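Q: Data: protein-v2.pdb, PDB, N, CA, C and O atoms.
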```pdb
ATOM      1  N   MET A1362     -10.680  -0.603  45.511
ATOM      2  CA  MET A1362     -11.927   0.110  45.591
ATOM      3  C   MET A1362     -13.027  -0.872  45.988
ATOM      4  O   MET A1362     -13.076  -1.989  45.492
ATOM      5  N   ARG A1363     -13.892  -0.456  46.885
ATOM      6  CA  ARG A1363     -15.019  -1.285  47.322
ATOM      7  C   ARG A1363     -16.266  -0.819  46.583
ATOM      8  O   ARG A1363     -16.641   0.351  46.640
ATOM      9  N   ILE A1364     -16.911  -1.748  45.864
ATOM     10  CA  ILE A1364     -18.065  -1.439  45.029
ATOM     11  C   ILE A1364     -19.223  -2.363  45.385
ATOM     12  O   ILE A1364     -19.034  -3.562  45.558
ATOM     13  N   VAL A1365     -20.428  -1.801  45.476
ATOM     14  CA  VAL A1365     -21.634  -2.587  45.695
ATOM     15  C   VAL A1365     -22.509  -2.438  44.448
ATOM     16  O   VAL A1365     -22.736  -1.328  43.976
ATOM     17  N   VAL A1366     -22.983  -3.564  43.928
ATOM     18  CA  VAL A1366     -23.866  -3.566  42.765
ATOM     19  C   VAL A1366     -25.260  -3.931  43.250
ATOM     20  O   VAL A1366     -25.468  -4.992  43.838
ATOM     21  N   ILE A1367     -26.209  -3.021  43.003
ATOM     22  CA  ILE A1367     -27.573  -3.154  43.527
ATOM     23  C   ILE A1367     -28.562  -3.224  42.375
ATOM     24  O   ILE A1367     -28.421  -2.531  41.379
ATOM     25  N   GLY A1368     -29.596  -4.022  42.581
ATOM     26  CA  GLY A1368     -30.726  -4.008  41.669
ATOM     27  C   GLY A1368     -30.676  -5.049  40.580
ATOM     28  O   GLY A1368     -29.768  -5.860  40.498
ATOM     29  N   ASP A1369     -31.718  -4.994  39.758
ATOM     30  CA  ASP A1369     -31.838  -5.834  38.578
ATOM     31  C   ASP A1369     -31.991  -7.302  38.926
ATOM     32  O   ASP A1369     -32.181  -7.682  40.067
ATOM     33  N   THR A1370     -31.930  -8.066  37.906
ATOM     34  CA  THR A1370     -32.010  -9.516  38.059
ATOM     35  C   THR A1370     -30.613 -10.073  38.226
ATOM     36  O   THR A1370     -29.624  -9.392  37.968
ATOM     37  N   LYS A1371     -30.542 -11.292  38.602
ATOM     38  CA  LYS A1371     -29.248 -11.944  38.806
ATOM     39  C   LYS A1371     -28.405 -11.912  37.535
ATOM     40  O   LYS A1371     -27.191 -11.773  37.590
ATOM     41  N   LEU A1372     -29.033 -12.012  36.373
ATOM     42  CA  LEU A1372     -28.308 -12.111  35.113
ATOM     43  C   LEU A1372     -27.401 -10.903  34.872
ATOM     44  O   LEU A1372     -26.193 -11.052  34.707
ATOM     45  N   ILE A1373     -27.951  -9.712  34.865
ATOM     46  CA  ILE A1373     -27.143  -8.529  34.571
ATOM     47  C   ILE A1373     -26.219  -8.195  35.733
ATOM     48  O   ILE A1373     -25.052  -7.876  35.541
ATOM     49  N   ARG A1374     -26.736  -8.283  36.958
ATOM     50  CA  ARG A1374     -25.913  -7.980  38.131
ATOM     51  C   ARG A1374     -24.680  -8.874  38.160
ATOM     52  O   ARG A1374     -23.567  -8.406  38.395
ATOM     53  N   SER A1375     -24.859 -10.166  37.875
ATOM     54  CA  SER A1375     -23.720 -11.082  37.921
ATOM     55  C   SER A1375     -22.696 -10.764  36.836
ATOM     56  O   SER A1375     -21.497 -10.899  37.055
ATOM     57  N   LYS A1376     -23.148 -10.315  35.673
ATOM     58  CA  LYS A1376     -22.210  -9.942  34.607
ATOM     59  C   LYS A1376     -21.414  -8.696  34.983
ATOM     60  O   LYS A1376     -20.216  -8.622  34.728
ATOM     61  N   VAL A1377     -22.071  -7.716  35.602
ATOM     62  CA  VAL A1377     -21.378  -6.504  36.037
ATOM     63  C   VAL A1377     -20.339  -6.852  37.096
ATOM     64  O   VAL A1377     -19.192  -6.411  37.027
ATOM     65  N   VAL A1378     -20.730  -7.670  38.068
ATOM     66  CA  VAL A1378     -19.808  -8.077  39.131
ATOM     67  C   VAL A1378     -18.620  -8.830  38.531
ATOM     68  O   VAL A1378     -17.466  -8.577  38.881
ATOM     69  N   LYS A1379     -18.884  -9.728  37.612
ATOM     70  CA  LYS A1379     -17.823 -10.509  36.968
ATOM     71  C   LYS A1379     -16.835  -9.592  36.237
ATOM     72  O   LYS A1379     -15.621  -9.803  36.294
ATOM     73  N   ASP A1380     -17.351  -8.561  35.568
ATOM     74  CA  ASP A1380     -16.479  -7.634  34.842
ATOM     75  C   ASP A1380     -15.642  -6.766  35.777
ATOM     76  O   ASP A1380     -14.536  -6.354  35.432
ATOM     77  N   LEU A1381     -16.147  -6.467  36.974
ATOM     78  CA  LEU A1381     -15.425  -5.609  37.915
ATOM     79  C   LEU A1381     -14.364  -6.350  38.722
ATOM     80  O   LEU A1381     -13.354  -5.770  39.102
ATOM     81  N   ARG A1382     -14.570  -7.605  38.985
ATOM     82  CA  ARG A1382     -13.663  -8.351  39.865
ATOM     83  C   ARG A1382     -12.235  -8.467  39.362
ATOM     84  O   ARG A1382     -11.310  -8.388  40.157
ATOM     85  N   PRO A1383     -11.971  -8.645  38.060
ATOM     86  CA  PRO A1383     -10.572  -8.749  37.622
ATOM     87  C   PRO A1383      -9.750  -7.494  37.903
ATOM     88  O   PRO A1383      -8.528  -7.543  37.913
ATOM     89  N   GLY A1384     -10.397  -6.377  38.154
ATOM     90  CA  GLY A1384      -9.691  -5.139  38.442
ATOM     91  C   GLY A1384      -9.245  -5.028  39.888
ATOM     92  O   GLY A1384      -8.936  -3.948  40.360
ATOM     93  N   ASP A1385      -9.228  -6.128  40.612
ATOM     94  CA  ASP A1385      -8.836  -6.154  42.025
ATOM     95  C   ASP A1385      -9.720  -5.278  42.900
ATOM     96  O   ASP A1385      -9.270  -4.706  43.882
ATOM     97  N   HIS A1386     -10.989  -5.164  42.512
ATOM     98  CA  HIS A1386     -11.945  -4.424  43.324
ATOM     99  C   HIS A1386     -12.639  -5.391  44.280
ATOM    100  O   HIS A1386     -12.818  -6.562  43.959
ATOM    101  N   ALA A1387     -13.009  -4.899  45.447
ATOM    102  CA  ALA A1387     -13.839  -5.678  46.358
ATOM    103  C   ALA A1387     -15.278  -5.410  45.945
ATOM    104  O   ALA A1387     -15.801  -4.317  46.152
ATOM    105  N   VAL A1388     -15.901  -6.382  45.292
ATOM    106  CA  VAL A1388     -17.230  -6.191  44.717
ATOM    107  C   VAL A1388     -18.241  -7.057  45.456
ATOM    108  O   VAL A1388     -18.020  -8.246  45.673
ATOM    109  N   LEU A1389     -19.360  -6.440  45.837
ATOM    110  CA  LEU A1389     -20.448  -7.152  46.495
ATOM    111  C   LEU A1389     -21.696  -7.038  45.633
ATOM    112  O   LEU A1389     -22.104  -5.927  45.282
ATOM    113  N   ALA A1390     -22.281  -8.159  45.263
ATOM    114  CA  ALA A1390     -23.575  -8.173  44.584
ATOM    115  C   ALA A1390     -24.639  -8.132  45.676
ATOM    116  O   ALA A1390     -24.822  -9.100  46.407
ATOM    117  N   ALA A1391     -25.286  -6.993  45.826
ATOM    118  CA  ALA A1391     -26.293  -6.831  46.873
ATOM    119  C   ALA A1391     -27.508  -7.687  46.531
ATOM    120  O   ALA A1391     -28.247  -7.386  45.603
ATOM    121  N   SER A1392     -27.677  -8.766  47.282
ATOM    122  CA  SER A1392     -28.765  -9.706  47.034
ATOM    123  C   SER A1392     -29.044 -10.476  48.319
ATOM    124  O   SER A1392     -28.221 -10.460  49.238
ATOM    125  N   PRO A1393     -30.184 -11.143  48.399
ATOM    126  CA  PRO A1393     -30.472 -11.906  49.617
ATOM    127  C   PRO A1393     -29.366 -12.893  50.017
ATOM    128  O   PRO A1393     -29.043 -12.971  51.204
ATOM    129  N   PRO A1394     -28.732 -13.617  49.070
ATOM    130  CA  PRO A1394     -27.656 -14.509  49.506
ATOM    131  C   PRO A1394     -26.470 -13.786  50.152
ATOM    132  O   PRO A1394     -25.755 -14.362  50.957
ATOM    133  N   SER A1395     -26.269 -12.505  49.802
ATOM    134  CA  SER A1395     -25.170 -11.751  50.403
ATOM    135  C   SER A1395     -25.624 -10.993  51.650
ATOM    136  O   SER A1395     -24.870 -10.216  52.221
ATOM    137  N   GLY A1396     -26.888 -11.199  52.054
ATOM    138  CA  GLY A1396     -27.407 -10.560  53.258
ATOM    139  C   GLY A1396     -28.083  -9.227  53.031
ATOM    140  O   GLY A1396     -28.396  -8.511  53.975
ATOM    141  N   VAL A1397     -28.328  -8.870  51.770
ATOM    142  CA  VAL A1397     -28.951  -7.590  51.447
ATOM    143  C   VAL A1397     -30.301  -7.833  50.781
ATOM    144  O   VAL A1397     -30.388  -8.520  49.772
ATOM    145  N   LYS A1398     -31.332  -7.279  51.377
ATOM    146  CA  LYS A1398     -32.676  -7.349  50.788
ATOM    147  C   LYS A1398     -33.061  -5.927  50.401
ATOM    148  O   LYS A1398     -33.525  -5.149  51.231
ATOM    149  N   THR A1399     -32.820  -5.581  49.149
ATOM    150  CA  THR A1399     -33.014  -4.199  48.710
ATOM    151  C   THR A1399     -34.471  -3.762  48.759
ATOM    152  O   THR A1399     -34.746  -2.579  48.917
ATOM    153  N   MET A1400     -35.400  -4.677  48.639
ATOM    154  CA  MET A1400     -36.818  -4.300  48.686
ATOM    155  C   MET A1400     -37.222  -3.828  50.080
ATOM    156  O   MET A1400     -38.082  -2.968  50.216
ATOM    157  N   THR A1401     -36.593  -4.374  51.117
ATOM    158  CA  THR A1401     -36.924  -3.984  52.489
ATOM    159  C   THR A1401     -35.850  -3.087  53.103
ATOM    160  O   THR A1401     -36.090  -2.448  54.120
ATOM    161  N   GLY A1402     -34.678  -3.070  52.495
ATOM    162  CA  GLY A1402     -33.571  -2.289  53.030
ATOM    163  C   GLY A1402     -32.725  -3.048  54.033
ATOM    164  O   GLY A1402     -31.704  -2.551  54.497
ATOM    165  N   GLU A1403     -33.130  -4.267  54.343
ATOM    166  CA  GLU A1403     -32.391  -5.075  55.314
ATOM    167  C   GLU A1403     -30.971  -5.352  54.812
ATOM    168  O   GLU A1403     -30.772  -5.823  53.704
ATOM    169  N   GLY A1404     -29.981  -5.003  55.623
ATOM    170  CA  GLY A1404     -28.579  -5.237  55.293
ATOM    171  C   GLY A1404     -27.956  -4.204  54.374
ATOM    172  O   GLY A1404     -26.752  -4.228  54.127
ATOM    173  N   LEU A1405     -28.766  -3.280  53.880
ATOM    174  CA  LEU A1405     -28.258  -2.290  52.920
ATOM    175  C   LEU A1405     -27.282  -1.307  53.561
ATOM    176  O   LEU A1405     -26.229  -1.014  52.993
ATOM    177  N   LYS A1406     -27.600  -0.817  54.741
ATOM    178  CA  LYS A1406     -26.723   0.129  55.427
ATOM    179  C   LYS A1406     -25.343  -0.489  55.661
ATOM    180  O   LYS A1406     -24.319   0.146  55.400
ATOM    181  N   GLU A1407     -25.327  -1.725  56.117
ATOM    182  CA  GLU A1407     -24.061  -2.409  56.369
ATOM    183  C   GLU A1407     -23.285  -2.626  55.069
ATOM    184  O   GLU A1407     -22.066  -2.463  55.028
ATOM    185  N   ALA A1408     -24.001  -2.976  53.995
ATOM    186  CA  ALA A1408     -23.344  -3.225  52.710
ATOM    187  C   ALA A1408     -22.721  -1.958  52.147
ATOM    188  O   ALA A1408     -21.680  -2.008  51.489
ATOM    189  N   LEU A1409     -23.340  -0.814  52.400
ATOM    190  CA  LEU A1409     -22.847   0.448  51.849
ATOM    191  C   LEU A1409     -21.802   1.141  52.725
ATOM    192  O   LEU A1409     -21.196   2.118  52.300
ATOM    193  N   THR A1410     -21.574   0.636  53.927
ATOM    194  CA  THR A1410     -20.580   1.222  54.820
ATOM    195  C   THR A1410     -19.180   1.041  54.231
ATOM    196  O   THR A1410     -18.764  -0.060  53.900
ATOM    197  N   GLY A1411     -18.469   2.143  54.076
ATOM    198  CA  GLY A1411     -17.110   2.113  53.558
ATOM    199  C   GLY A1411     -17.002   1.903  52.058
ATOM    200  O   GLY A1411     -15.929   1.637  51.541
ATOM    201  N   VAL A1412     -18.106   2.045  51.347
ATOM    202  CA  VAL A1412     -18.118   1.820  49.900
ATOM    203  C   VAL A1412     -17.610   3.055  49.166
ATOM    204  O   VAL A1412     -17.923   4.177  49.527
ATOM    205  N   ASN A1413     -16.794   2.822  48.142
ATOM    206  CA  ASN A1413     -16.301   3.908  47.296
ATOM    207  C   ASN A1413     -17.271   4.224  46.164
ATOM    208  O   ASN A1413     -17.309   5.349  45.675
ATOM    209  N   ALA A1414     -18.014   3.219  45.731
ATOM    210  CA  ALA A1414     -18.962   3.408  44.633
ATOM    211  C   ALA A1414     -20.061   2.364  44.721
ATOM    212  O   ALA A1414     -19.849   1.267  45.210
ATOM    213  N   HIS A1415     -21.240   2.755  44.250
ATOM    214  CA  HIS A1415     -22.309   1.765  44.130
ATOM    215  C   HIS A1415     -22.956   1.933  42.765
ATOM    216  O   HIS A1415     -23.038   3.029  42.226
ATOM    217  N   LEU A1416     -23.334   0.821  42.194
ATOM    218  CA  LEU A1416     -23.954   0.804  40.875
ATOM    219  C   LEU A1416     -25.352   0.249  41.001
ATOM    220  O   LEU A1416     -25.564  -0.755  41.676
ATOM    221  N   GLY A1417     -26.288   0.879  40.336
ATOM    222  CA  GLY A1417     -27.651   0.365  40.258
ATOM    223  C   GLY A1417     -27.898  -0.108  38.841
ATOM    224  O   GLY A1417     -27.692   0.639  37.898
ATOM    225  N   THR A1418     -28.293  -1.352  38.693
ATOM    226  CA  THR A1418     -28.549  -1.889  37.361
ATOM    227  C   THR A1418     -30.042  -2.093  37.187
ATOM    228  O   THR A1418     -30.773  -2.311  38.145
ATOM    229  N   VAL A1419     -30.497  -2.007  35.963
ATOM    230  CA  VAL A1419     -31.911  -2.209  35.655
ATOM    231  C   VAL A1419     -32.007  -2.823  34.266
ATOM    232  O   VAL A1419     -31.211  -2.514  33.384
ATOM    233  N   THR A1420     -32.960  -3.701  34.080
ATOM    234  CA  THR A1420     -33.135  -4.290  32.755
ATOM    235  C   THR A1420     -33.898  -3.332  31.866
ATOM    236  O   THR A1420     -34.659  -2.495  32.339
ATOM    237  N   PHE A1421     -33.724  -3.480  30.578
ATOM    238  CA  PHE A1421     -34.424  -2.638  29.626
ATOM    239  C   PHE A1421     -35.929  -2.788  29.775
ATOM    240  O   PHE A1421     -36.663  -1.819  29.702
ATOM    241  N   ASP A1422     -36.395  -4.018  29.997
ATOM    242  CA  ASP A1422     -37.831  -4.246  30.121
ATOM    243  C   ASP A1422     -38.424  -3.448  31.273
ATOM    244  O   ASP A1422     -39.501  -2.890  31.147
ATOM    245  N   VAL A1423     -37.720  -3.386  32.391
ATOM    246  CA  VAL A1423     -38.205  -2.634  33.542
ATOM    247  C   VAL A1423     -38.212  -1.144  33.221
ATOM    248  O   VAL A1423     -39.190  -0.446  33.480
ATOM    249  N   ALA A1424     -37.136  -0.641  32.632
ATOM    250  CA  ALA A1424     -37.065   0.774  32.283
ATOM    251  C   ALA A1424     -38.137   1.126  31.255
ATOM    252  O   ALA A1424     -38.786   2.177  31.347
ATOM    253  N   GLN A1425     -38.341   0.251  30.289
ATOM    254  CA  GLN A1425     -39.343   0.497  29.255
ATOM    255  C   GLN A1425     -40.744   0.504  29.870
ATOM    256  O   GLN A1425     -41.566   1.356  29.537
ATOM    257  N   GLU A1426     -41.006  -0.415  30.782
ATOM    258  CA  GLU A1426     -42.306  -0.470  31.439
ATOM    259  C   GLU A1426     -42.556   0.797  32.246
ATOM    260  O   GLU A1426     -43.641   1.376  32.197
ATOM    261  N   ASP A1427     -41.556   1.261  32.990
ATOM    262  CA  ASP A1427     -41.706   2.479  33.778
ATOM    263  C   ASP A1427     -41.941   3.689  32.884
ATOM    264  O   ASP A1427     -42.749   4.561  33.192
ATOM    265  N   ALA A1428     -41.228   3.767  31.760
ATOM    266  CA  ALA A1428     -41.425   4.878  30.823
ATOM    267  C   ALA A1428     -42.840   4.845  30.256
ATOM    268  O   ALA A1428     -43.502   5.883  30.138
ATOM    269  N   HIS A1429     -43.331   3.672  29.917
ATOM    270  CA  HIS A1429     -44.689   3.528  29.396
ATOM    271  C   HIS A1429     -45.713   3.951  30.449
ATOM    272  O   HIS A1429     -46.669   4.658  30.150
ATOM    273  N   ARG A1430     -45.483   3.522  31.694
ATOM    274  CA  ARG A1430     -46.408   3.887  32.773
ATOM    275  C   ARG A1430     -46.409   5.397  32.999
ATOM    276  O   ARG A1430     -47.449   5.993  33.226
ATOM    277  N   ALA A1431     -45.243   6.020  32.912
ATOM    278  CA  ALA A1431     -45.160   7.464  33.110
ATOM    279  C   ALA A1431     -45.911   8.199  32.000
ATOM    280  O   ALA A1431     -46.631   9.173  32.258
ATOM    281  N   LYS A1432     -45.763   7.740  30.761
ATOM    282  CA  LYS A1432     -46.462   8.372  29.625
ATOM    283  C   LYS A1432     -47.973   8.237  29.760
ATOM    284  O   LYS A1432     -48.718   9.129  29.361
ATOM    285  N   SER A1433     -48.421   7.131  30.323
ATOM    286  CA  SER A1433     -49.859   6.890  30.434
ATOM    287  C   SER A1433     -50.437   7.527  31.700
ATOM    288  O   SER A1433     -51.616   7.379  31.980
ATOM    289  N   GLY A1434     -49.597   8.228  32.458
ATOM    290  CA  GLY A1434     -50.070   8.901  33.661
ATOM    291  C   GLY A1434     -50.078   8.021  34.896
ATOM    292  O   GLY A1434     -50.504   8.445  35.961
ATOM    293  N   LYS A1435     -49.616   6.793  34.762
ATOM    294  CA  LYS A1435     -49.542   5.889  35.911
ATOM    295  C   LYS A1435     -48.209   6.086  36.606
ATOM    296  O   LYS A1435     -47.224   6.467  35.997
ATOM    297  N   HIS A1436     -48.190   5.809  37.887
ATOM    298  CA  HIS A1436     -46.950   5.915  38.651
ATOM    299  C   HIS A1436     -46.012   4.775  38.299
ATOM    300  O   HIS A1436     -46.460   3.640  38.153
ATOM    301  N   PRO A1437     -44.705   5.058  38.188
ATOM    302  CA  PRO A1437     -43.750   3.949  38.059
ATOM    303  C   PRO A1437     -43.869   3.060  39.296
ATOM    304  O   PRO A1437     -44.272   3.514  40.354
ATOM    305  N   ARG A1438     -43.492   1.809  39.156
ATOM    306  CA  ARG A1438     -43.581   0.877  40.273
ATOM    307  C   ARG A1438     -42.852   1.439  41.490
ATOM    308  O   ARG A1438     -41.758   1.964  41.375
ATOM    309  N   GLY A1439     -43.465   1.347  42.632
ATOM    310  CA  GLY A1439     -42.835   1.764  43.872
ATOM    311  C   GLY A1439     -42.947   3.251  44.157
ATOM    312  O   GLY A1439     -42.524   3.716  45.186
ATOM    313  N   VAL A1440     -43.522   4.030  43.236
ATOM    314  CA  VAL A1440     -43.657   5.481  43.431
ATOM    315  C   VAL A1440     -45.125   5.810  43.551
ATOM    316  O   VAL A1440     -45.939   5.433  42.733
ATOM    317  N   ARG A1441     -45.490   6.542  44.582
ATOM    318  CA  ARG A1441     -46.882   6.959  44.794
ATOM    319  C   ARG A1441     -46.936   8.416  45.102
ATOM    320  O   ARG A1441     -46.140   8.999  45.710
TER
END
```
Go ahead and render the structure in this file as structure tokens.
A:
Amino acid sequence: MRIVVIGDTKLIRSKVVKDLRPGDHAVLAASPPSGVKTMTGEGLKEALTGVNAHLGTVTFDVAQEDAHRAKSGKHPRGVR
């Protein structure tokens, strides 16, 4: 199975990738070193071509901040 892991910081993304690799999966950590810039979308189409699954990871701090912003009537980051 070909899997792409997108988002988050290197810490969590690398742990997810590490856990998936022993299962004989072809795993790509979507990041600038792998040719994927998720903020601009550069390389994303190529990375997702032929993928069976993709995972989006997020840290608790980011999710908590977005939830707080939503409660206060502010837009979550990146949403207008």
Q: To one decimal place in Å, what is the distance between atom O of Ile1367 in chain A and atom N of Ala1390 in chain A?
A: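 A separation of 9.2 Å between them.
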Q: Pick from A:Thr1399, A:Ala1431, A:Leu1389, A:Lys1379: nearest to Val1366 in chain A, with all atoms listed in the file counted?
A: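 Going through A:Thr1399, A:Ala1431, A:Leu1389, A:Lys1379 one by one, the smallest distance to Val1366 in chain A is for A:Leu1389.
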Q: Rounded to one decimal, what separation in Å do you get between CA of Gly1411 in chain A and CA of Leu1372 in chain A?
A: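 Going from CA of Gly1411 in chain A over to CA of Leu1372 in chain A covers 25.8 Å.
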Q: Translate the PyMOL selection byres (((chain A and resi 1412 and name CA) around 9) and name CA) into a concrete residue list for this structure, as a ChimeraX atom specification.
A: /A:1362-1365,1408-1411,1413-1415
Q: Can you measure CA of Pro1383 in chain A to CA of Thr1418 in chain A for me? One decimal in Å is fine.
A: 19.2 Å
